[in-house]
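S.K.: Take a look at the following structure, please.
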Amino acid sequence: MSDATLHGAQPRPSLLVADPRTRKRNAAEARFRAYGLGAIVISMVMLVILLFTILTGGLGAFRQTYLEIPVTLDAAQLDKTGNRDPADLRKVLTLTYGKILQQSLEQAIADKGIAIADLSAKDVSNLISKEASAQLRNRVLADPELIGQTVEARVLVNGRVDGYYKGRVSMESAARDANTSPAQLQLADALKAQGMLATQWNWSFLTSPDASDQRPEAAGVGIAILGSLYMMLVVLVLAVPIGVAASIYLEEFAPRNRWTDIIEVNISNLAAVPSIVFGILGLAAFINFAGLPQSAPIVGGLVLTLMTLPTIIIATRAALKAVPPSIRDAALGVGASRMQSVFHHVLPLAMPGILTGTIIGLAQALGETAPLLLIGMVAFVKNFPSAPPDGLFEPASALPVQVYNWTQRADPAFIERASGAIIVLLVFLLCMNLLAILLRRKFERRW
Amino acid sequence: MPVSWTLLIVLVLAGAGYLVTRARVVALAGGDTRRLHSRPSYHGWNAALLTALPALFLIAIWRFLLPAANATPVAVLALILAAAGLGVALSRSAPGFRARNAVESMVKGLLILCSSIAILTTAGIVFSMLFETGHFFQQYPWQDFFFGTTWSPRFGGGSQLGILPLLWGTIYISLIALAVSVPIGLFAAIYMSEYASAKLRSVAKPAIEVLAGIPTIVYGLFALITVGPMLRDYFAQPLGLGNSGASVMTAGLVMGIMLIPFVSSLSDDIINAVPQSLRDGALGLGSTQSETIRKVVLPAALPGIVGAILLAASRAIGETMIVVLGAGAAARMDMNPFEAMTTITVKIVSQLTGDNDFAAPETLVAFALGLTLFVITLGLNIVALYVVRKYREQYE
Amino acid sequence: MNDMRLLERSVDQTEIKISARDVQVWYGEKHAIKDVNVDLLDKTVTAFIGPSGCGKSTFLRCLNRMNDTIDISRVEGKITLDGEDIYDRRVDPVQLRARVGMVFQKPNPFPKSIYDNVAYGPRIHGLARNRAELDEIVEKSLRGAALWNEVKDRLSDPGTGLSGGQQQRLCIARAVATQPEVLLMDEPCSALDPIATSQIEELIDQLRAEFSVVIVTHSMQQAARVSQKTAFFHLGNLVEYGNTDDIFTNPRDPRTESYISGRIG
């Protein structure tokens with residue numbers, strides 16, 4: 001048989017020399033490997049570019065340009081009656097405070113001897129943000145004793161001037177811009193040289209509410225963070241118990257029949273239903289049918305609960321499945337009921353896995369945007385909601401929706417705010433994921 | 001709020017029921033708990049659950065299903081139910097009463113209820129959309145919706161609401177996204193499971209998982225401020241293909257990046273499910289590693305990979321934020337990938353945000369779009385999950 | 001039957017096919033193979049026996065460098081095939097494995113048709129110039145594995161649909177089709193029933209005409225039935241190597257004797 005080889009018996013070539021075919025095959029092997037490595041490199045590069053653009057674009061939101069000037073709170077303008085009656089003080093509009101700020105600024109410029117030759121009075125006053133007068137008014141209303149005094153005030157500067165110090169606005173672009181002018185920027189530079197104008201760390205980005213179209217410099221994510229927090233609270237309270245209970249039934253008690261089959265297929269399908277469909281459900285069921293208010297965290301929370309349930313159920317079932325049957329047998333063997341064996345033994349052992357799955361589900365819910373758009377979370381909200389439970393029914397925003405909201409505005413300064421809000425969102429997500437990883441590390445158990 | 005008051009009273013009653021019944025049963029047994037069939041706390045729980053469950057159930061139905069119903073009689077009815085439950089529990093408490101079995105069957109009932117929420121959700125989705133879609137088709141002919149090639153809603157009448165341009169945009173963008181994500185995701189998964197050293201894997205795998213955890217709004221912003229302008233300035237304008245930042249290509253590319261981790265983690269699972277013995281068999285015959293993968297592992301994993309691609313396609317079709325920010329709002333049927341087009345999900349968002357008039361077809365069309373989207377993705381998911389499940393069974 | 005075998009055994013081959021000198025294998029920290037020296041003969045069945053964990057499979061996997069696929073394993077020493085060092089840097093393990101085929105413990109047919117299973121090796125190594133030649137190789141290999149008559153009418157059926165014994169013969173046919181010089185078999189019958197086992201054993205005896213066969217087996221009876229040479233491994237050492245008859249009837253080392261008589265194992 002040996003001499004009947006097909007091409008006649010040839011002496012075998014040496015192992016030490018690669019034959020041409022092997023060389024060709026090895027080249028193919030190297031190419032294939034390179035494709036694989038390339039794919040990984042591309043993914044990593046994309047991740048880096050993505051994070052880099054968001055970070056560089058958004059870090060500016062955490063810094064803000066302020067003007068530090070002495071402001072004379074003229075009693076004649078602010079309190080004509082002179083009795084510091086809060087009701088009367090409230091009648092004084094922000095317009096008046098705007099004038100006071102303008103006068104103070106002009107005074108300060110004159111004191112420092114800065115030339116403002118080719119600058120109109122409007123250009124000078126425009127240097128100050130429209131939000132600044134409202135902030136000053138709030139400060140006076142909170143402390144009427146300030147009236148009549150001259151106080152050092154930290155005054156928000158117009159978004160264009162702020163943009164100038166963050167590199168978004170240049171002298172060239174200012175020349176073409178109706179909202180600012182090179183002369184105004186030169187004035188700002190002069191003020192900066194005098195130490196009156198500085199770009200500082202901006203806490204109010206994290207604490208203040210959204211601001212209107214004209215005032216990007218005042219916009220913050222305070223309400224959005226609170227709204228997201230409220231929704232996470234609802235999800236935590238509803239999705240976790242329901243999800244865990246459903247998983248326990250399906251994994252430990254459910255008979256294998258058509259009904260449980262339907263439930264299982266249903267859950268895996270729900271996990272893949274587009275999120276926007278849940279938004280339609282929320283709109284139709286919770287707002288139009290059940291009559292819950294629009295823009296309320298409770299509705300957002302309910303929608304996100306329904307969306308998160310499949311994730312939590314899938315993770316919990318995996319955790320329950322990982323507990324070996326011997327544990328259940330041991331409990332049953334000493335006379336525990338099945339319910340007892342599950343609640344006393346299996347569930348505690350599965351807890352780390354359940355927690356990890358829950359956190360990942362919550363993180364998903366936190367970043368979800370599309371369904372919230374449909375239940376009115378895009379509305380402009382200026383007032384903080386009160387504490388739960390009532391606050392759950394009051395209008396609020398949410399972090400990812402706030403990002404969307406800002407991308408829809410004309411002023412490019414809002415893009416910086418949007419990126420800043422994403423940084424906040426990513427920080428939250430990072431913390432949650434780290435927590436999940438830590439939990440997994442700490443409690444990881446191999447059976 | 002009468003709801004919270006009723007709730008509070010019911011819960012207090014339940015708590016009291018727990019304590020009273022527990023004490024009563026211990027007393028009946030003469031202090032010797034060994035004479036009880038069940039531990040005393042089970043008797044207590046039995047009372048608490050009997051008190052709370054029917055009343056809470058009633059309140060839930062009232063609050064969410066009949067929001068318009070008069071509050072006072074329902075609250076009174078709930079309290080009567082709670083008191084009756086407590087009474088029943090007290091009268092049945094005796095040392096021989098099988099409280100544990102009673103509690104366990106009630107808990108089991110609760111568990112079943114919770115697991116049915118998934119079904120309720122699906123039913124809710126289907127019914128809410130069917131209902132409004134029905135309204136829509138009463139006002140707008142379905143032939144024009146499904147076969148119309150123009151999308152121009154006009155509040156005030158005379159709208160043309162054809163789905164085809166939206167469907168075209170959706171499919172075009174999804175195809176580009178798949179063309180980006182499937183090769184990259186698949187090769188990444190192959191490299192990760194077959195070649196990568198432990199060190200590389202410990203860096204690359206979390207990195208790809210991070211990509212998966214980034215919310216889609218972030219990708220949307222990336223499309224809007226980075227990818228869109230870049231494609232416009234370096235490709236579309238020099239080539240004379242348009243000057244829009246938002247385009248099919250922008251949305252498709254970014255969505256492709258979003259789907260890479262999705263495809264790669266699914267493929268990774270599937271490739272790892274191929275038994276090692278098959279790899280050994282091929283290597284033992286003198287295959288190179290890539291021949292083993294291409295000719296043995298991948299063919300063996302093919303059904304699973306097809307399932308994964310279908311799941312990715314369904315994700316792409318249903319994705320909203322990336323297309324809202326990256327694809328544009330103009331409904332158009334064009335081949336030029338650098339042109340702004342729009343998708344089903346974009347139009348659902350634009351028709352349903354702001355002030356809605358739920359009598360106008362321009363608003364109701366969003367439900368018909370939603371239902372279409374749901375049916376398409378559901379079909380893809382069911383096929384994909386079936387294929388993947390069959391595939392897994394083969395190697396179990 | 002035994003008498004016949006003894007007669008055959010007496011016509012011994014003397015040409016050395018594989019020779020191992022001072023072979024050491026480490027799995028991470030574990031020293032799995034220690035100082036193994038052995039010469040395996042051409043056209044002979046050599047059996048590796050020994051208690052489980054003794055290193056016989058590990059050593060077998062060194063002979064076609066399958067250990068390369070395990071990250072933590074490290075091989076030292078010299079193994080030559082026809083006088084060429086197979087661990088030389090210039091040697092491509094892919095080319096080596098084409099000449100030293102392997103059959104595994106569990107039948108592992110690819111999820112392809114019977115034909116494609118057998119044709120896999122010839123295709124990747126480019127052994128056939130056209131379809132007719134490939135058909136010929138497939139038929140010859142299936143005949144060589146004593147499977148042709150059972151499957152000739154259903155070559156396009158999936159290989160995974162065959163019975164366990166048939167699957168294992170398919171795997172042998174698949175290995176034979178690449179026209180190797182040495183066939184390594186790692187406990188090829190351990191997953192099979194007695195009837196399938198005896199078919200495989202008969203086949204191994206036929207394969208000896210063409211190949212040098214090395215078989216790892218758990219069963220001493222099997223070693224005695226199929227092999228001309230036997231090597232006994234214990235705790236990573238090659239304890240004794242010689243003619244099968246001598247090992248089983250007249251072991252020199254006390255450890256071999258204990259194992260043969262069932263005291264260790």
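To be explicit about the labels: the chains of the structure tokens are called A, B, and onward in the order shown, and within each one the residues are counted from 1, while ligands get numbers from 1 in the order they are shown.
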If you take only C-alpha atoms and a cut-off of 12 Å, which residues of stretch 287-373 of chain B touch stretch 92-101 of chain C, and what are their nearest atom pairs and distances in Å to one decimal, in chain and number order, as a Markdown table?

M.R.:
| residue | atom | partner | partner_atom | distance |
| --- | --- | --- | --- | --- |
| B:Ser287 | CA | C:Val94 | CA | 6.1 |
| B:Thr288 | CA | C:Val94 | CA | 5.9 |
| B:Gln289 | CA | C:Val94 | CA | 9.0 |
| B:Ser290 | CA | C:Val94 | CA | 11.4 |
| B:Glu291 | CA | C:Val94 | CA | 10.6 |
| B:Thr292 | CA | C:Val94 | CA | 11.3 |

S.K.: List as a VMD selection string the protein and nucleic acid residues near stretch 194-205 of chain C, meaning an atom at most 7 Å away when only C-alpha atoms are counted, but skip any in the same chain fewer than 5 places from it.

M.R.: chain C and resid 145 to 146 165 189 226

S.K.: Could you list, as a VMD selection string, every residue of chain C that has an atom within 12 Å of an atom of chain A, counting only C-alpha atoms?

M.R.: chain C and resid 43 80 to 100 122 to 129 132 to 141 143 to 144 176 to 181 206 to 212

S.K.: Report the closest atom pair, with its distance in Å rounded to one decimal, for each residue of chain B that has an atom no farther than 6 Å from chain A; count only C-alpha atoms, sort by chain and then rising residue number, and write it as a tab-separated table.

M.R.:
residue	atom	partner	partner_atom	distance
B:Phe64	CA	A:Ala290	CA	5.5
B:Pro67	CA	A:Ala290	CA	5.6
B:Leu111	CA	A:Ala245	CA	5.1
B:Cys114	CA	A:Ala246	CA	5.0
B:Ser115	CA	A:Ala246	CA	4.0
B:Ile125	CA	A:Leu281	CA	5.3
B:Ser128	CA	A:Ala284	CA	5.9
B:Ile184	CA	A:Ala39	CA	4.8
B:Phe187	CA	A:Gly36	CA	4.6
B:Ala188	CA	A:Ile40	CA	5.1
B:Tyr191	CA	A:Gly36	CA	4.9
B:Pro215	CA	A:Gly367	CA	4.9
B:Ser290	CA	A:Glu29	CA	5.4
B:Gly318	CA	A:Pro274	CA	4.7
B:Leu352	CA	A:Leu374	CA	5.9
B:Thr353	CA	A:Leu374	CA	5.7

S.K.: Any chance you could list, as a PyMOL selection string, the residues in stretch 151-352 of chain B that come up strand (DSSP E) when DSSP is run on the backbone?

M.R.: chain B and resi 151-152+160-161

S.K.: Could you please take those selected residues and save N, CA and C atoms as a PDB file, in the first residue's frame?

M.R.:
ATOM      1  N   TRP B 151     -42.587  62.056   2.451  1.00  0.00           N
ATOM      2  CA  TRP B 151     -42.865  62.338   3.859  1.00  0.00           C
ATOM      3  C   TRP B 151     -42.838  63.842   4.029  1.00  0.00           C
ATOM      4  N   SER B 152     -44.011  64.455   4.160  1.00  0.00           N
ATOM      5  CA  SER B 152     -44.024  65.892   4.438  1.00  0.00           C
ATOM      6  C   SER B 152     -45.230  66.210   5.309  1.00  0.00           C
ATOM      7  N   GLN B 160     -48.397  64.413   3.684  1.00  0.00           N
ATOM      8  CA  GLN B 160     -48.101  63.136   3.038  1.00  0.00           C
ATOM      9  C   GLN B 160     -47.199  62.371   3.985  1.00  0.00           C
ATOM     10  N   LEU B 161     -47.668  61.195   4.398  1.00  0.00           N
ATOM     11  CA  LEU B 161     -46.962  60.469   5.451  1.00  0.00           C
ATOM     12  C   LEU B 161     -46.552  59.082   4.960  1.00  0.00           C
TER      13      LEU B 161
END

S.K.: Quick check: residues of chain B within 6 Å of chain C, only C-alpha atoms, returned as an NGL selection string.

M.R.: :B and (277-278 or 284-286 or 288)

S.K.: Hey, what's within 8 Å of stretch 18-33 of chain C if we count only C-alpha atoms and toss same-chain stuff fewer than 4 positions away? As a list of chain:residue names, please?

M.R.: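 Returned residues: C:Asn37, C:Val38, C:Asp39, C:Leu40, C:Leu41, C:Cys54, C:Gly55, C:Thr58, C:Phe59, C:Ile72, C:Ser73, C:Arg74, C:Val75, C:Glu76, C:Gly77, C:Lys78, C:Ile79, C:Thr80, C:Leu81, C:Asp82, C:Gly83, C:Leu235, C:Gly236, C:Asn237.
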
S.K.: Can I get the selection written as a compact mmCIF listing (two decimals), in the first residue's frame, with N, CA and C atoms?

M.R.:
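Result saved to out-v7.txt:
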# COMPACT_ATOMS: atom_id res chain seq x y z
N ASN C 37 14.32 9.28 27.05
CA ASN C 37 15.11 8.87 25.89
C ASN C 37 14.43 7.68 25.28
N VAL C 38 14.08 7.77 23.99
CA VAL C 38 13.41 6.63 23.39
C VAL C 38 13.59 6.69 21.88
N ASP C 39 13.68 5.52 21.24
CA ASP C 39 13.71 5.45 19.77
C ASP C 39 12.47 4.71 19.31
N LEU C 40 11.65 5.39 18.50
CA LEU C 40 10.43 4.75 18.01
C LEU C 40 10.68 4.26 16.59
N LEU C 41 10.26 3.04 16.31
CA LEU C 41 10.61 2.41 15.04
C LEU C 41 9.55 2.65 13.98
N CYS C 54 0.76 10.14 34.29
CA CYS C 54 2.17 9.75 34.28
C CYS C 54 2.95 10.47 33.21
N GLY C 55 2.24 11.22 32.32
CA GLY C 55 2.95 11.98 31.30
C GLY C 55 2.95 11.33 29.94
N THR C 58 1.26 13.63 27.48
CA THR C 58 2.08 14.82 27.30
C THR C 58 3.23 14.53 26.35
N PHE C 59 3.88 13.39 26.57
CA PHE C 59 5.01 13.06 25.71
C PHE C 59 4.54 12.84 24.27
N ILE C 72 1.50 27.65 28.55
CA ILE C 72 2.44 27.55 29.66
C ILE C 72 3.40 26.39 29.52
N SER C 73 3.29 25.62 28.42
CA SER C 73 4.16 24.43 28.36
C SER C 73 5.51 24.79 27.72
N ARG C 74 6.53 24.07 28.16
CA ARG C 74 7.89 24.35 27.70
C ARG C 74 8.57 23.00 27.49
N VAL C 75 9.20 22.82 26.33
CA VAL C 75 9.82 21.54 26.02
C VAL C 75 11.32 21.75 25.86
N GLU C 76 12.10 20.86 26.48
CA GLU C 76 13.55 20.88 26.30
C GLU C 76 14.01 19.52 25.82
N GLY C 77 15.26 19.48 25.31
CA GLY C 77 15.78 18.22 24.82
C GLY C 77 15.67 18.16 23.32
N LYS C 78 15.88 16.98 22.77
CA LYS C 78 15.93 16.89 21.31
C LYS C 78 15.04 15.75 20.85
N ILE C 79 14.15 16.05 19.92
CA ILE C 79 13.34 15.01 19.31
C ILE C 79 13.57 15.11 17.81
N THR C 80 13.96 13.98 17.19
CA THR C 80 14.21 14.04 15.75
C THR C 80 13.23 13.14 15.03
N LEU C 81 12.85 13.61 13.85
CA LEU C 81 12.04 12.80 12.94
C LEU C 81 12.91 12.59 11.71
N ASP C 82 13.20 11.34 11.40
CA ASP C 82 14.14 11.01 10.32
C ASP C 82 15.43 11.82 10.45
N GLY C 83 15.87 11.97 11.68
CA GLY C 83 17.15 12.63 11.91
C GLY C 83 17.09 14.14 11.97
N LEU C 235 5.14 8.71 36.73
CA LEU C 235 5.50 10.00 37.34
C LEU C 235 6.45 10.81 36.47
N GLY C 236 6.19 10.80 35.16
CA GLY C 236 6.98 11.63 34.26
C GLY C 236 8.27 10.97 33.78
N ASN C 237 8.57 9.80 34.28
CA ASN C 237 9.77 9.10 33.83
C ASN C 237 9.41 7.97 32.88

S.K.: Please provide the set of residues having any atom within 8 Å of stretch 176-192 of chain A, restricted to only C-alpha atoms, with same-chain residues fewer than 3 positions apart removed, written as an MDAnalysis selection string.

M.R.: chainID A and resid 109 114 116 118:119 123:124 127 160:161 164 171:173 195:198

S.K.: Restrict the selected residues to N, CA and C atoms and save them as a PDB file, in the first residue's frame.

M.R.:
ATOM      1  N   ILE A 109     -14.309 100.727  35.568  1.00  0.00           N
ATOM      2  CA  ILE A 109     -13.448 100.980  34.415  1.00  0.00           C
ATOM      3  C   ILE A 109     -12.820 102.369  34.522  1.00  0.00           C
ATOM      4  N   ILE A 114      -9.124 102.741  32.345  1.00  0.00           N
ATOM      5  CA  ILE A 114      -9.063 101.992  31.097  1.00  0.00           C
ATOM      6  C   ILE A 114      -9.807 102.774  30.028  1.00  0.00           C
ATOM      7  N   ILE A 116     -12.013 103.349  26.891  1.00  0.00           N
ATOM      8  CA  ILE A 116     -13.037 102.595  26.185  1.00  0.00           C
ATOM      9  C   ILE A 116     -13.570 103.430  25.031  1.00  0.00           C
ATOM     10  N   ASP A 118     -13.723 103.478  21.586  1.00  0.00           N
ATOM     11  CA  ASP A 118     -14.634 103.114  20.510  1.00  0.00           C
ATOM     12  C   ASP A 118     -15.655 102.058  20.950  1.00  0.00           C
ATOM     13  N   LEU A 119     -16.062 102.117  22.202  1.00  0.00           N
ATOM     14  CA  LEU A 119     -16.998 101.106  22.698  1.00  0.00           C
ATOM     15  C   LEU A 119     -18.263 101.808  23.176  1.00  0.00           C
ATOM     16  N   ASP A 123     -22.125  97.983  24.515  1.00  0.00           N
ATOM     17  CA  ASP A 123     -21.054  96.995  24.426  1.00  0.00           C
ATOM     18  C   ASP A 123     -20.442  96.730  25.787  1.00  0.00           C
ATOM     19  N   VAL A 124     -20.306  97.780  26.574  1.00  0.00           N
ATOM     20  CA  VAL A 124     -19.720  97.619  27.904  1.00  0.00           C
ATOM     21  C   VAL A 124     -20.655  96.779  28.776  1.00  0.00           C
ATOM     22  N   LEU A 127     -20.890  93.083  28.346  1.00  0.00           N
ATOM     23  CA  LEU A 127     -19.817  92.249  28.883  1.00  0.00           C
ATOM     24  C   LEU A 127     -20.344  91.363  30.008  1.00  0.00           C
ATOM     25  N   ARG A 160     -19.715  84.895  25.164  1.00  0.00           N
ATOM     26  CA  ARG A 160     -18.726  85.108  24.096  1.00  0.00           C
ATOM     27  C   ARG A 160     -17.366  85.450  24.693  1.00  0.00           C
ATOM     28  N   VAL A 161     -17.405  86.332  25.726  1.00  0.00           N
ATOM     29  CA  VAL A 161     -16.143  86.712  26.353  1.00  0.00           C
ATOM     30  C   VAL A 161     -15.542  85.489  27.055  1.00  0.00           C
ATOM     31  N   TYR A 164     -13.938  83.459  24.581  1.00  0.00           N
ATOM     32  CA  TYR A 164     -12.667  84.042  24.150  1.00  0.00           C
ATOM     33  C   TYR A 164     -11.520  83.480  25.000  1.00  0.00           C
ATOM     34  N   MET A 171     -10.486  87.019  17.939  1.00  0.00           N
ATOM     35  CA  MET A 171     -10.702  88.389  17.477  1.00  0.00           C
ATOM     36  C   MET A 171     -11.356  88.380  16.102  1.00  0.00           C
ATOM     37  N   GLU A 172     -10.909  87.453  15.234  1.00  0.00           N
ATOM     38  CA  GLU A 172     -11.451  87.404  13.867  1.00  0.00           C
ATOM     39  C   GLU A 172     -12.944  87.052  13.892  1.00  0.00           C
ATOM     40  N   SER A 173     -13.283  86.001  14.698  1.00  0.00           N
ATOM     41  CA  SER A 173     -14.684  85.593  14.704  1.00  0.00           C
ATOM     42  C   SER A 173     -15.526  86.663  15.396  1.00  0.00           C
ATOM     43  N   GLY A 195      -6.601  92.420  36.905  1.00  0.00           N
ATOM     44  CA  GLY A 195      -6.958  91.407  37.909  1.00  0.00           C
ATOM     45  C   GLY A 195      -8.421  91.416  38.270  1.00  0.00           C
ATOM     46  N   MET A 196      -9.221  92.077  37.467  1.00  0.00           N
ATOM     47  CA  MET A 196     -10.647  92.119  37.801  1.00  0.00           C
ATOM     48  C   MET A 196     -11.427  91.010  37.114  1.00  0.00           C
ATOM     49  N   LEU A 197     -10.821  90.409  36.116  1.00  0.00           N
ATOM     50  CA  LEU A 197     -11.542  89.395  35.358  1.00  0.00           C
ATOM     51  C   LEU A 197     -10.712  88.117  35.367  1.00  0.00           C
ATOM     52  N   ALA A 198     -11.309  87.020  35.713  1.00  0.00           N
ATOM     53  CA  ALA A 198     -10.540  85.779  35.787  1.00  0.00           C
ATOM     54  C   ALA A 198     -11.421  84.589  35.458  1.00  0.00           C
TER      55      ALA A 198
END

S.K.: How would you write, as number ranges by chain, the set of residues in stretch 153-269 of chain A that DSSP gives as helix (DSSP H, G or I)?

M.R.: A: 159-165, 171-175, 182-193, 204-207, 216-218, 222-253, 258-269

S.K.: Those same residues, written as a compact mmCIF listing (two decimals), in the first residue's frame with C-alpha atoms?

M.R.:
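Okay, again01.txt is ready:
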# COMPACT_ATOMS: atom_id res chain seq x y z
CA GLY A 159 -20.67 83.65 27.04
CA ARG A 160 -18.73 85.11 24.10
CA VAL A 161 -16.14 86.71 26.35
CA ASP A 162 -15.98 83.47 28.33
CA GLY A 163 -15.50 81.67 25.02
CA TYR A 164 -12.67 84.04 24.15
CA TYR A 165 -10.70 82.80 27.16
CA MET A 171 -10.70 88.39 17.48
CA GLU A 172 -11.45 87.40 13.87
CA SER A 173 -14.68 85.59 14.70
CA ALA A 174 -15.70 88.43 17.06
CA ALA A 175 -15.45 90.88 14.19
CA PRO A 182 -13.02 92.91 19.09
CA ALA A 183 -13.19 96.11 21.14
CA GLN A 184 -15.24 94.35 23.78
CA LEU A 185 -12.68 91.57 23.96
CA GLN A 186 -9.89 94.14 24.26
CA LEU A 187 -11.76 95.68 27.17
CA ALA A 188 -12.00 92.25 28.75
CA ASP A 189 -8.25 91.80 28.26
CA ALA A 190 -7.66 95.15 29.95
CA LEU A 191 -9.87 94.15 32.86
CA LYS A 192 -8.02 90.87 33.09
CA ALA A 193 -4.70 92.73 33.21
CA SER A 204 -22.40 76.36 39.67
CA PHE A 205 -22.27 74.15 36.56
CA LEU A 206 -23.05 71.24 38.84
CA THR A 207 -25.60 72.99 41.03
CA PRO A 216 -25.14 79.59 28.04
CA GLU A 217 -22.71 80.93 30.66
CA ALA A 218 -25.31 80.37 33.39
CA GLY A 222 -28.28 70.74 38.83
CA ILE A 223 -31.87 69.84 37.99
CA ALA A 224 -30.75 67.22 35.51
CA ILE A 225 -28.64 65.46 38.14
CA LEU A 226 -31.50 65.59 40.64
CA GLY A 227 -34.00 64.34 38.05
CA SER A 228 -31.74 61.46 37.06
CA LEU A 229 -31.26 60.64 40.73
CA TYR A 230 -35.02 60.55 41.32
CA MET A 231 -35.51 58.25 38.36
CA MET A 232 -32.77 55.93 39.55
CA LEU A 233 -34.53 55.85 42.90
CA VAL A 234 -37.77 54.75 41.27
CA VAL A 235 -35.95 52.13 39.21
CA LEU A 236 -34.13 50.84 42.27
CA VAL A 237 -37.29 50.56 44.34
CA LEU A 238 -39.37 48.93 41.62
CA ALA A 239 -37.10 47.08 39.23
CA VAL A 240 -34.90 45.31 41.74
CA PRO A 241 -37.58 43.57 43.86
CA ILE A 242 -39.74 42.76 40.86
CA GLY A 243 -36.79 41.58 38.81
CA VAL A 244 -35.39 39.40 41.57
CA ALA A 245 -38.82 37.95 42.38
CA ALA A 246 -39.47 37.15 38.72
CA SER A 247 -36.06 35.50 38.38
CA ILE A 248 -36.55 33.41 41.51
CA TYR A 249 -39.85 32.14 40.18
CA LEU A 250 -38.53 31.40 36.70
CA GLU A 251 -35.31 29.80 37.88
CA GLU A 252 -36.41 27.92 41.00
CA PHE A 253 -40.13 27.22 40.86
CA ARG A 258 -45.84 26.58 27.59
CA TRP A 259 -46.61 29.54 29.84
CA THR A 260 -43.09 29.79 31.26
CA ASP A 261 -41.71 29.29 27.76
CA ILE A 262 -43.72 32.27 26.62
CA ILE A 263 -42.46 34.34 29.55
CA GLU A 264 -38.86 33.42 28.80
CA VAL A 265 -39.05 34.23 25.11
CA ASN A 266 -40.82 37.41 26.08
CA ILE A 267 -38.10 38.53 28.43
CA SER A 268 -35.30 37.94 25.97
CA ASN A 269 -37.27 39.81 23.33

S.K.: To one decimal place, how far is atom CA of A:Ile147 from atom CA of A:Tyr97 in Å?

M.R.: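 Interatomic distance, atom CA of A:Ile147 to atom CA of A:Tyr97: 11.6 Å.
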
S.K.: Do you know which residues are at most 9 Å from B:Val274 counting only C-alpha atoms, after dropping those on the same chain fewer than 6 positions away, and could you put them as number ranges by chain?

M.R.: B: 297-298, 300-301, 395

S.K.: Give the answer as one residue: which of C:Ala173, C:Leu183, C:Leu142, C:Ile114 has the shortest atom-to-atom distance to C:Ser156, using only C-alpha atoms?

M.R.: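 Between C:Ala173, C:Leu183, C:Leu142, C:Ile114, the residue approaching C:Ser156 most closely is C:Ile114.
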
S.K.: Write out as a ChimeraX atom specification each polymer residue whose atoms come within 7 Å of B:Thr216, counting only C-alpha atoms; drop sequence neighbours fewer than 4 positions from it.

M.R.: /B:220,321-322

S.K.: What would the file look like if the residues just selected were written as a PDB file, in the first residue's frame with N, CA and C atoms?

M.R.:
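Contents of the output file part02.pdb:
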ATOM      1  N   GLY B 220     -23.965  60.078  19.929  1.00  0.00           N
ATOM      2  CA  GLY B 220     -24.693  61.069  19.147  1.00  0.00           C
ATOM      3  C   GLY B 220     -23.936  62.387  19.111  1.00  0.00           C
ATOM      4  N   MET B 321     -30.740  57.912  19.352  1.00  0.00           N
ATOM      5  CA  MET B 321     -30.027  59.169  19.600  1.00  0.00           C
ATOM      6  C   MET B 321     -28.964  59.452  18.547  1.00  0.00           C
ATOM      7  N   ILE B 322     -28.259  58.419  18.098  1.00  0.00           N
ATOM      8  CA  ILE B 322     -27.204  58.655  17.112  1.00  0.00           C
ATOM      9  C   ILE B 322     -27.788  59.219  15.829  1.00  0.00           C
TER      10      ILE B 322
END

S.K.: May I have the residues within 7 Å of stretch 51-59 of chain B as a ChimeraX atom specification, using only C-alpha atoms and disregarding those fewer than 4 positions away in the same chain?

M.R.: /B:10-11,14,47,63,78-79,81-83,85-86

S.K.: In Å, how far is it from atom CA of B:Tyr172 to atom CA of B:Trp142?

M.R.: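 Separating atom CA of B:Tyr172 from atom CA of B:Trp142 is a distance of 23.7 Å.
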
S.K.: For a test of reading the model, state the distance in Å between atom CA of A:Thr94 and atom CA of A:Lys122, rounded to one decimal.

M.R.: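 Atom CA of A:Lys122 lies at a distance of 16.7 Å from atom CA of A:Thr94.
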
S.K.: Pick from A:Pro255, A:Asp210, A:Arg409, A:Pro324: nearest to B:Ile112, with only C-alpha atoms counted?

M.R.: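 Comparing A:Pro255, A:Asp210, A:Arg409, A:Pro324 against B:Ile112, the winner is A:Pro255.
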